[in-house]
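*Asks:* What follows is data36.pdb, made up of PDB, C-alpha atoms:
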```pdb
ATOM      1  CA  MET K 158     -81.955-139.368 178.076  1.00  0.00           C
ATOM      2  CA  ASN K 159     -84.291-137.922 175.461  1.00  0.00           C
ATOM      3  CA  ARG K 160     -82.583-138.246 172.067  1.00  0.00           C
ATOM      4  CA  LYS K 161     -85.423-136.662 170.101  1.00  0.00           C
ATOM      5  CA  PRO K 162     -84.059-133.048 170.173  1.00  0.00           C
ATOM      6  CA  LEU K 163     -80.639-134.352 169.083  1.00  0.00           C
ATOM      7  CA  LEU K 164     -82.128-136.287 166.175  1.00  0.00           C
ATOM      8  CA  VAL K 165     -84.128-133.215 165.146  1.00  0.00           C
ATOM      9  CA  VAL K 166     -80.938-131.103 165.132  1.00  0.00           C
ATOM     10  CA  VAL K 167     -79.007-133.725 163.132  1.00  0.00           C
ATOM     11  CA  GLY K 168     -81.892-133.988 160.684  1.00  0.00           C
ATOM     12  CA  LEU K 169     -81.975-130.220 160.196  1.00  0.00           C
ATOM     13  CA  ILE K 170     -78.224-130.162 159.601  1.00  0.00           C
ATOM     14  CA  LEU K 171     -78.454-132.963 157.008  1.00  0.00           C
ATOM     15  CA  ALA K 172     -81.343-131.209 155.276  1.00  0.00           C
ATOM     16  CA  PHE K 173     -79.315-128.002 155.165  1.00  0.00           C
ATOM     17  CA  VAL K 174     -76.293-129.819 153.672  1.00  0.00           C
ATOM     18  CA  VAL K 175     -78.459-131.517 151.031  1.00  0.00           C
ATOM     19  CA  ALA K 176     -80.037-128.171 150.125  1.00  0.00           C
ATOM     20  CA  ILE K 177     -76.580-126.571 149.723  1.00  0.00           C
ATOM     21  CA  LEU K 178     -75.364-129.410 147.511  1.00  0.00           C
ATOM     22  CA  HIS K 179     -78.451-129.312 145.358  1.00  0.00           C
ATOM     23  CA  PHE K 180     -79.132-125.604 144.947  1.00  0.00           C
ATOM     24  CA  VAL K 181     -75.670-124.043 145.386  1.00  0.00           C
ATOM     25  CA  VAL K 182     -73.062-126.583 144.294  1.00  0.00           C
ATOM     26  CA  GLY K 183     -75.185-128.698 141.998  1.00  0.00           C
ATOM     27  CA  TRP K 184     -75.103-132.482 141.999  1.00  0.00           C
ATOM     28  CA  HIS K 185     -73.291-132.706 138.650  1.00  0.00           C
ATOM     29  CA  HIS K 186     -70.465-130.471 139.938  1.00  0.00           C
ATOM     30  CA  ILE K 187     -69.705-132.602 142.988  1.00  0.00           C
ATOM     31  CA  PRO K 188     -67.242-135.001 141.204  1.00  0.00           C
ATOM     32  CA  HIS K 189     -65.349-132.004 139.814  1.00  0.00           C
ATOM     33  CA  HIS K 190     -65.013-130.377 143.233  1.00  0.00           C
ATOM     34  CA  PHE K 191     -63.996-133.684 144.770  1.00  0.00           C
ATOM     35  CA  GLN K 192     -61.307-134.134 142.102  1.00  0.00           C
ATOM     36  CA  SER K 193     -59.993-130.601 142.724  1.00  0.00           C
ATOM     37  CA  LEU K 194     -59.888-131.278 146.437  1.00  0.00           C
ATOM     38  CA  THR K 195     -57.984-134.538 146.071  1.00  0.00           C
ATOM     39  CA  SER K 196     -55.582-132.926 143.576  1.00  0.00           C
ATOM     40  CA  SER K 197     -54.756-130.184 146.057  1.00  0.00           C
ATOM     41  CA  LEU K 198     -54.330-132.706 148.855  1.00  0.00           C
ATOM     42  CA  PHE K 199     -51.887-134.817 146.840  1.00  0.00           C
ATOM     43  CA  HIS K 200     -49.616-132.036 145.572  1.00  0.00           C
ATOM     44  CA  THR K 201     -45.949-132.696 146.146  1.00  0.00           C
ATOM     45  CA  GLU K 202     -43.797-130.510 148.360  1.00  0.00           C
ATOM     46  CA  SER K 203     -42.317-128.828 145.268  1.00  0.00           C
ATOM     47  CA  GLY K 204     -45.785-127.622 144.309  1.00  0.00           C
ATOM     48  CA  GLU K 205     -46.168-130.046 141.380  1.00  0.00           C
ATOM     49  CA  ALA K 206     -49.238-132.242 141.235  1.00  0.00           C
ATOM     50  CA  ALA K 207     -48.863-135.916 141.952  1.00  0.00           C
ATOM     51  CA  ILE K 208     -48.431-138.025 138.806  1.00  0.00           C
ATOM     52  CA  VAL K 209     -51.626-139.387 137.308  1.00  0.00           C
ATOM     53  CA  GLU K 210     -51.131-142.266 134.902  1.00  0.00           C
ATOM     54  CA  GLU K 211     -52.622-141.764 131.431  1.00  0.00           C
ATOM     55  CA  PRO K 212     -54.401-144.629 129.670  1.00  0.00           C
ATOM     56  CA  ILE K 213     -51.911-146.819 127.818  1.00  0.00           C
ATOM     57  CA  GLY K 214     -52.174-146.968 124.042  1.00  0.00           C
ATOM     58  CA  VAL K 215     -53.381-143.443 123.237  1.00  0.00           C
ATOM     59  CA  TYR K 216     -49.957-142.425 121.940  1.00  0.00           C
ATOM     60  CA  GLY K 217     -47.672-145.407 121.659  1.00  0.00           C
ATOM     61  CA  PRO K 218     -43.977-144.995 120.808  1.00  0.00           C
ATOM     62  CA  ASP K 219     -44.502-145.780 117.120  1.00  0.00           C
ATOM     63  CA  THR K 220     -47.329-143.265 116.753  1.00  0.00           C
ATOM     64  CA  LEU K 221     -45.404-140.559 118.559  1.00  0.00           C
ATOM     65  CA  SER K 222     -42.230-141.039 116.534  1.00  0.00           C
ATOM     66  CA  ALA K 223     -44.200-141.086 113.288  1.00  0.00           C
ATOM     67  CA  THR K 224     -45.974-137.860 114.236  1.00  0.00           C
ATOM     68  CA  MET K 225     -42.690-136.181 115.105  1.00  0.00           C
ATOM     69  CA  ALA K 226     -41.257-137.204 111.712  1.00  0.00           C
ATOM     70  CA  ILE K 227     -44.063-135.580 109.710  1.00  0.00           C
ATOM     71  CA  ARG K 228     -43.087-132.179 108.335  1.00  0.00           C
ATOM     72  CA  GLU K 229     -44.724-129.583 106.163  1.00  0.00           C
ATOM     73  CA  PRO K 230     -43.425-129.350 102.579  1.00  0.00           C
ATOM     74  CA  PHE K 231     -40.135-127.462 102.302  1.00  0.00           C
ATOM     75  CA  ASP K 232     -38.984-125.283  99.393  1.00  0.00           C
ATOM     76  CA  THR K 233     -35.462-126.622  98.823  1.00  0.00           C
ATOM     77  CA  LEU K 234     -35.016-124.613  95.604  1.00  0.00           C
ATOM     78  CA  TYR K 235     -35.504-121.234  97.279  1.00  0.00           C
ATOM     79  CA  TRP K 236     -33.476-122.004 100.377  1.00  0.00           C
ATOM     80  CA  GLY K 237     -30.787-123.751  98.371  1.00  0.00           C
ATOM     81  CA  ALA K 238     -30.358-120.567  96.324  1.00  0.00           C
ATOM     82  CA  GLN K 239     -30.193-118.489  99.506  1.00  0.00           C
ATOM     83  CA  ILE K 240     -27.505-120.758 100.929  1.00  0.00           C
ATOM     84  CA  ARG K 241     -25.437-120.556  97.745  1.00  0.00           C
ATOM     85  CA  LYS K 242     -25.682-116.751  97.861  1.00  0.00           C
ATOM     86  CA  GLY K 243     -24.213-116.788 101.352  1.00  0.00           C
ATOM     87  CA  GLU K 244     -27.349-115.281 102.890  1.00  0.00           C
ATOM     88  CA  PHE K 245     -27.987-115.702 106.605  1.00  0.00           C
ATOM     89  CA  ILE K 246     -29.995-118.886 107.141  1.00  0.00           C
ATOM     90  CA  PRO K 247     -31.378-119.871 110.576  1.00  0.00           C
ATOM     91  CA  ASP K 248     -30.049-123.156 111.910  1.00  0.00           C
ATOM     92  CA  ASP K 249     -33.477-124.797 111.913  1.00  0.00           C
ATOM     93  CA  VAL K 250     -33.907-123.916 108.230  1.00  0.00           C
ATOM     94  CA  LYS K 251     -30.489-125.374 107.412  1.00  0.00           C
ATOM     95  CA  GLU K 252     -31.456-128.535 109.268  1.00  0.00           C
ATOM     96  CA  ALA K 253     -34.752-128.762 107.368  1.00  0.00           C
ATOM     97  CA  TYR K 254     -32.953-128.163 104.063  1.00  0.00           C
ATOM     98  CA  THR K 255     -30.495-130.997 104.733  1.00  0.00           C
ATOM     99  CA  HIS K 256     -33.335-133.253 105.881  1.00  0.00           C
ATOM    100  CA  PHE K 257     -35.469-132.708 102.778  1.00  0.00           C
ATOM    101  CA  LYS K 258     -32.558-132.956 100.343  1.00  0.00           C
ATOM    102  CA  GLY K 259     -32.001-136.465 101.656  1.00  0.00           C
ATOM    103  CA  MET K 260     -35.664-137.533 101.598  1.00  0.00           C
ATOM    104  CA  ASP K 261     -36.934-140.194  99.237  1.00  0.00           C
ATOM    105  CA  PHE K 262     -40.567-139.678  98.170  1.00  0.00           C
ATOM    106  CA  ASN K 263     -40.768-142.744  95.931  1.00  0.00           C
ATOM    107  CA  HIS K 264     -43.065-144.445  98.438  1.00  0.00           C
ATOM    108  CA  LEU K 265     -45.780-141.845  97.790  1.00  0.00           C
ATOM    109  CA  HIS K 266     -48.494-142.500  95.214  1.00  0.00           C
ATOM    110  CA  LYS K 267     -50.044-139.644  93.260  1.00  0.00           C
ATOM    111  CA  THR K 268     -53.785-139.810  92.766  1.00  0.00           C
ATOM    112  CA  ASP K 269     -56.390-138.083  90.627  1.00  0.00           C
ATOM    113  CA  LEU K 270     -59.023-138.959  93.231  1.00  0.00           C
ATOM    114  CA  LYS K 271     -58.888-135.568  94.896  1.00  0.00           C
ATOM    115  CA  PRO K 272     -61.078-132.486  95.391  1.00  0.00           C
ATOM    116  CA  THR K 273     -61.489-129.963  92.624  1.00  0.00           C
ATOM    117  CA  ASP K 274     -60.299-126.426  93.350  1.00  0.00           C
ATOM    118  CA  LEU K 275     -63.853-125.474  94.280  1.00  0.00           C
ATOM    119  CA  GLU K 276     -64.318-128.522  96.508  1.00  0.00           C
ATOM    120  CA  ALA K 277     -61.012-127.801  98.245  1.00  0.00           C
ATOM    121  CA  GLN K 278     -62.098-124.219  98.871  1.00  0.00           C
ATOM    122  CA  GLN K 279     -65.474-125.356 100.174  1.00  0.00           C
ATOM    123  CA  ALA K 280     -63.784-127.808 102.555  1.00  0.00           C
ATOM    124  CA  ILE K 281     -61.486-125.078 103.888  1.00  0.00           C
ATOM    125  CA  VAL K 282     -64.353-122.614 104.290  1.00  0.00           C
ATOM    126  CA  HIS K 283     -66.378-125.281 106.095  1.00  0.00           C
ATOM    127  CA  ARG K 284     -63.489-125.729 108.559  1.00  0.00           C
ATOM    128  CA  TYR K 285     -62.759-122.053 109.263  1.00  0.00           C
ATOM    129  CA  LYS K 286     -66.195-120.547 108.643  1.00  0.00           C
ATOM    130  CA  GLN K 287     -66.421-116.737 108.482  1.00  0.00           C
ATOM    131  CA  ASP K 288     -62.700-116.238 109.121  1.00  0.00           C
ATOM    132  CA  MET K 289     -61.925-117.842 105.773  1.00  0.00           C
ATOM    133  CA  VAL K 290     -64.845-116.216 103.978  1.00  0.00           C
ATOM    134  CA  ALA K 291     -63.583-112.790 105.041  1.00  0.00           C
ATOM    135  CA  LEU K 292     -59.972-113.638 104.181  1.00  0.00           C
ATOM    136  CA  LEU K 293     -60.837-114.700 100.648  1.00  0.00           C
ATOM    137  CA  ARG K 294     -63.236-111.813 100.089  1.00  0.00           C
ATOM    138  CA  ASN K 295     -60.821-109.171 101.374  1.00  0.00           C
ATOM    139  CA  ASN K 296     -58.066-110.472  99.096  1.00  0.00           C
ATOM    140  CA  ASP K 297     -60.315-111.163  96.093  1.00  0.00           C
ATOM    141  CA  ALA K 298     -58.913-114.682  96.310  1.00  0.00           C
ATOM    142  CA  HIS K 299     -59.782-118.269  95.554  1.00  0.00           C
ATOM    143  CA  ILE K 300     -58.131-121.592  96.431  1.00  0.00           C
ATOM    144  CA  ARG K 301     -56.323-124.018  94.157  1.00  0.00           C
ATOM    145  CA  ILE K 302     -55.237-127.509  95.150  1.00  0.00           C
ATOM    146  CA  GLY K 303     -52.003-129.110  94.000  1.00  0.00           C
ATOM    147  CA  THR K 304     -50.801-132.640  93.411  1.00  0.00           C
ATOM    148  CA  ALA K 305     -52.508-135.113  95.726  1.00  0.00           C
ATOM    149  CA  PHE K 306     -50.955-138.190  97.276  1.00  0.00           C
ATOM    150  CA  GLU K 307     -52.816-141.174  98.648  1.00  0.00           C
ATOM    151  CA  ALA K 308     -52.911-141.186 102.448  1.00  0.00           C
ATOM    152  CA  LYS K 309     -53.681-143.960 104.892  1.00  0.00           C
ATOM    153  CA  LEU K 310     -57.255-144.059 106.117  1.00  0.00           C
ATOM    154  CA  GLN K 311     -57.462-143.236 109.815  1.00  0.00           C
ATOM    155  CA  PRO K 312     -59.583-145.027 112.432  1.00  0.00           C
ATOM    156  CA  VAL K 313     -62.676-143.204 113.665  1.00  0.00           C
ATOM    157  CA  GLU K 314     -64.471-143.287 116.991  1.00  0.00           C
ATOM    158  CA  ASP K 315     -67.964-143.435 115.528  1.00  0.00           C
ATOM    159  CA  ASN K 316     -69.564-145.652 112.902  1.00  0.00           C
ATOM    160  CA  ASP K 317     -68.734-143.338 110.018  1.00  0.00           C
ATOM    161  CA  PRO K 318     -65.487-144.667 108.506  1.00  0.00           C
ATOM    162  CA  GLU K 319     -63.289-142.787 106.064  1.00  0.00           C
ATOM    163  CA  ILE K 320     -63.529-143.937 102.451  1.00  0.00           C
ATOM    164  CA  ALA K 321     -60.854-141.666 100.937  1.00  0.00           C
ATOM    165  CA  ARG K 322     -57.946-139.585 102.215  1.00  0.00           C
ATOM    166  CA  VAL K 323     -55.326-137.639 100.283  1.00  0.00           C
ATOM    167  CA  THR K 324     -52.606-135.158 101.219  1.00  0.00           C
ATOM    168  CA  ALA K 325     -52.104-132.052  99.093  1.00  0.00           C
ATOM    169  CA  MET K 326     -50.815-128.501  99.212  1.00  0.00           C
ATOM    170  CA  VAL K 327     -53.137-125.559  98.587  1.00  0.00           C
ATOM    171  CA  CYS K 328     -52.490-122.025  97.455  1.00  0.00           C
ATOM    172  CA  ALA K 329     -54.543-118.835  97.162  1.00  0.00           C
ATOM    173  CA  PHE K 330     -54.669-116.771  93.959  1.00  0.00           C
ATOM    174  CA  ASP K 331     -56.372-113.460  93.295  1.00  0.00           C
ATOM    175  CA  SER K 332     -58.701-112.786  90.361  1.00  0.00           C
ATOM    176  CA  LYS K 333     -55.725-111.664  88.248  1.00  0.00           C
ATOM    177  CA  GLY K 334     -53.939-114.955  88.773  1.00  0.00           C
ATOM    178  CA  ASN K 335     -51.340-113.614  91.194  1.00  0.00           C
ATOM    179  CA  ASN K 336     -49.987-116.166  93.658  1.00  0.00           C
ATOM    180  CA  LEU K 337     -50.906-115.098  97.199  1.00  0.00           C
ATOM    181  CA  GLY K 338     -49.438-118.170  98.890  1.00  0.00           C
ATOM    182  CA  ASN K 339     -51.341-119.002 102.048  1.00  0.00           C
ATOM    183  CA  ILE K 340     -52.131-115.259 102.552  1.00  0.00           C
ATOM    184  CA  GLN K 341     -52.276-115.512 106.338  1.00  0.00           C
ATOM    185  CA  GLU K 342     -53.792-117.572 109.111  1.00  0.00           C
ATOM    186  CA  PRO K 343     -55.952-119.547 109.380  1.00  0.00           C
ATOM    187  CA  LEU K 344     -55.103-120.779 105.851  1.00  0.00           C
ATOM    188  CA  TYR K 345     -52.301-123.327 105.883  1.00  0.00           C
ATOM    189  CA  ILE K 346     -50.223-124.733 103.011  1.00  0.00           C
ATOM    190  CA  VAL K 347     -51.008-128.447 103.323  1.00  0.00           C
ATOM    191  CA  TYR K 348     -53.963-130.550 104.454  1.00  0.00           C
ATOM    192  CA  ASP K 349     -55.407-134.014 104.353  1.00  0.00           C
ATOM    193  CA  PHE K 350     -58.676-134.082 102.441  1.00  0.00           C
ATOM    194  CA  VAL K 351     -61.067-136.779 103.664  1.00  0.00           C
ATOM    195  CA  ARG K 352     -64.395-138.258 102.604  1.00  0.00           C
ATOM    196  CA  PHE K 353     -66.661-140.265 104.893  1.00  0.00           C
ATOM    197  CA  GLN K 354     -69.034-143.144 104.243  1.00  0.00           C
ATOM    198  CA  SER K 355     -72.062-141.149 105.395  1.00  0.00           C
ATOM    199  CA  ASP K 356     -71.304-138.289 102.991  1.00  0.00           C
ATOM    200  CA  PRO K 357     -69.277-139.785 100.125  1.00  0.00           C
ATOM    201  CA  ASP K 358     -69.578-136.774  97.821  1.00  0.00           C
ATOM    202  CA  THR K 359     -68.171-134.176 100.220  1.00  0.00           C
ATOM    203  CA  TRP K 360     -64.520-133.510 101.054  1.00  0.00           C
ATOM    204  CA  TYR K 361     -63.443-132.306 104.487  1.00  0.00           C
ATOM    205  CA  ILE K 362     -60.035-131.138 105.692  1.00  0.00           C
ATOM    206  CA  THR K 363     -57.957-132.259 108.632  1.00  0.00           C
ATOM    207  CA  ASP K 364     -54.294-132.038 109.666  1.00  0.00           C
ATOM    208  CA  PHE K 365     -51.879-133.543 107.154  1.00  0.00           C
ATOM    209  CA  SER K 366     -50.764-137.066 108.050  1.00  0.00           C
ATOM    210  CA  GLN K 367     -47.640-137.492 105.925  1.00  0.00           C
ATOM    211  CA  THR K 368     -44.732-135.533 104.520  1.00  0.00           C
ATOM    212  CA  ILE K 369     -45.078-134.678 100.844  1.00  0.00           C
ATOM    213  CA  PRO K 370     -42.715-132.830  98.467  1.00  0.00           C
ATOM    214  CA  TYR K 371     -43.090-129.118  97.832  1.00  0.00           C
ATOM    215  CA  ASP K 372     -45.508-128.510  94.954  1.00  0.00           C
ATOM    216  CA  TYR K 373     -43.554-126.190  92.658  1.00  0.00           C
ATOM    217  CA  ASN K 374     -46.120-126.398  89.864  1.00  0.00           C
ATOM    218  CA  LEU K 375     -48.851-125.114  92.175  1.00  0.00           C
ATOM    219  CA  PHE K 376     -46.807-122.165  93.378  1.00  0.00           C
ATOM    220  CA  LYS K 377     -45.592-120.975  89.967  1.00  0.00           C
TER
END
```
Let me see the structure of the file written as structure tokens.
*Replies:*
Amino acid sequence: MNRKPLLVVVGLILAFVVAILHFVVGWHHIPHHFQSLTSSLFHTESGEAAIVEEPIGVYGPDTLSATMAIREPFDTLYWGAQIRKGEFIPDDVKEAYTHFKGMDFNHLHKTDLKPTDLEAQQAIVHRYKQDMVALLRNNDAHIRIGTAFEAKLQPVEDNDPEIARVTAMVCAFDSKGNNLGNIQEPLYIVYDFVRFQSDPDTWYITDFSQTIPYDYNLFK
């Protein structure tokens, strides 16, 4: 039996498949499509995807519990007054009030090694770009930083380690000195300010890593 026509047909089919993979699907997309296919094949009867184990050690129990325990500063003076007046207070606010009234902040260490008001504003603008520029301009506002507390240096994935980290509240004020609070998003009330070995003179912001007391002096 002459197998040559059969081999020619098989060769044409293979060439067609290769052309489709290269020009239509793209070689770099093949793993993604294969993963989607296997995910759909291994869905459970309830419609939920089969469990895929995450790498161990990304969020250990200690890290998770510590993260859950970190809270933004809470104004116990204001809410305490509201409670004494008999005003309606949401349950979560009551819980936060009780939590913060029982907190001991003696383990925190104040530091003067912190950004200036201008450096804090520059760090925030660098993070939020034009959104923050417009927010400050539209409100004729500038940023002030409050009391800073030493924070634990965090590990990095590259070769640019942190050399300083502090946690502090920030507040916006207009040109007349009026307290604008955090105005609105994206400005938040508390950040960690960090400096890196490669750029030791510049402060950057990141999410706050510890609970600090409410800065009443800043928000006067």
*Asks:* Hey, which of K:Phe262, K:Phe376, K:Phe350, K:Tyr285 ends up closest to Asp364 (chain K)? Count only C-alpha atoms.
*Replies:*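 Using only C-alpha atoms, Asp364 (chain K) sits closest to K:Phe350.
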*Asks:* For a test of reading the model, state the distance in Å between CA of Tyr371 (chain K) and CA of Asn295 (chain K), rounded to one decimal.
*Replies:*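 According to the coordinates, CA of Tyr371 (chain K) and CA of Asn295 (chain K) are separated by 26.9 Å.
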*Asks:* If we count only C-alpha atoms, what is near region 300-303 of chain K at a cut-off of 12 Å, once residues fewer than 5 positions away on the same chain are taken out, given as a VMD selection string?
*Replies:* chain K and resid 267 to 269 271 to 282 289 to 290 292 to 294 323 to 332 334 to 340 344 to 350 369 to 377
*Asks:* Can you work out which one of K:Asn296, K:Thr233, K:Asn263, K:Thr368 has the shortest atom-to-atom distance to Gln341 (chain K), counting only C-alpha atoms?
*Replies:*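 Result for the nearest residue to Gln341 (chain K): K:Asn296.
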*Asks:* Excluding Lys309 (chain K) and its own-chain neighbours fewer than 5 positions away, which residues fall within 12 Å of it when counting all atoms listed in the file? Please give them as an NGL selection string.
*Replies:* :K and (265-266 or 319-324 or 349-351 or 365-367)
*Asks:* As an exercise, work out the distance from CA of Leu270 (chain K) to CA of Ala308 (chain K) in Å and give it to one decimal place.
*Replies:*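 Taking CA of Leu270 (chain K) and CA of Ala308 (chain K), their separation equals 11.3 Å.
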*Asks:* Choose the residue, out of K:Lys286, K:Pro343, K:Pro247, K:Tyr254, that has the smallest atom-to-atom separation from Tyr235 (chain K); count all atoms listed in the file.
*Replies:* K:Tyr254
*Asks:* Quick check, in Å to one decimal: how far apart do CA of Ala253 (chain K) and CA of Thr304 (chain K) lie?
*Replies:*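 If I compute the distance from CA of Ala253 (chain K) to CA of Thr304 (chain K), I get 21.6 Å.
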*Asks:* Restricting the calculation to only C-alpha atoms: of K:Asp288, K:Thr359, K:Pro230, K:Arg241, which residue gets closest to Met260 (chain K)?
*Replies:*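 Using only C-alpha atoms, the shortest distance to Met260 (chain K) belongs to K:Pro230.
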*Asks:* Given the file shown, enumerate the residues that the PyMOL selection byres ((chain K and resi 317) around 9) captures and present them as number ranges by chain.
*Replies:* K: 313-316, 318-319, 353-355
*Asks:* For each of K:His299, K:Lys333, K:His283, K:Lys251, take the minimum atom-to-atom distance to Ile362 (chain K), counting all atoms listed in the file, then give the residue where this is smallest.
*Replies:*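 Closest to Ile362 (chain K) of all the choices is K:His283.
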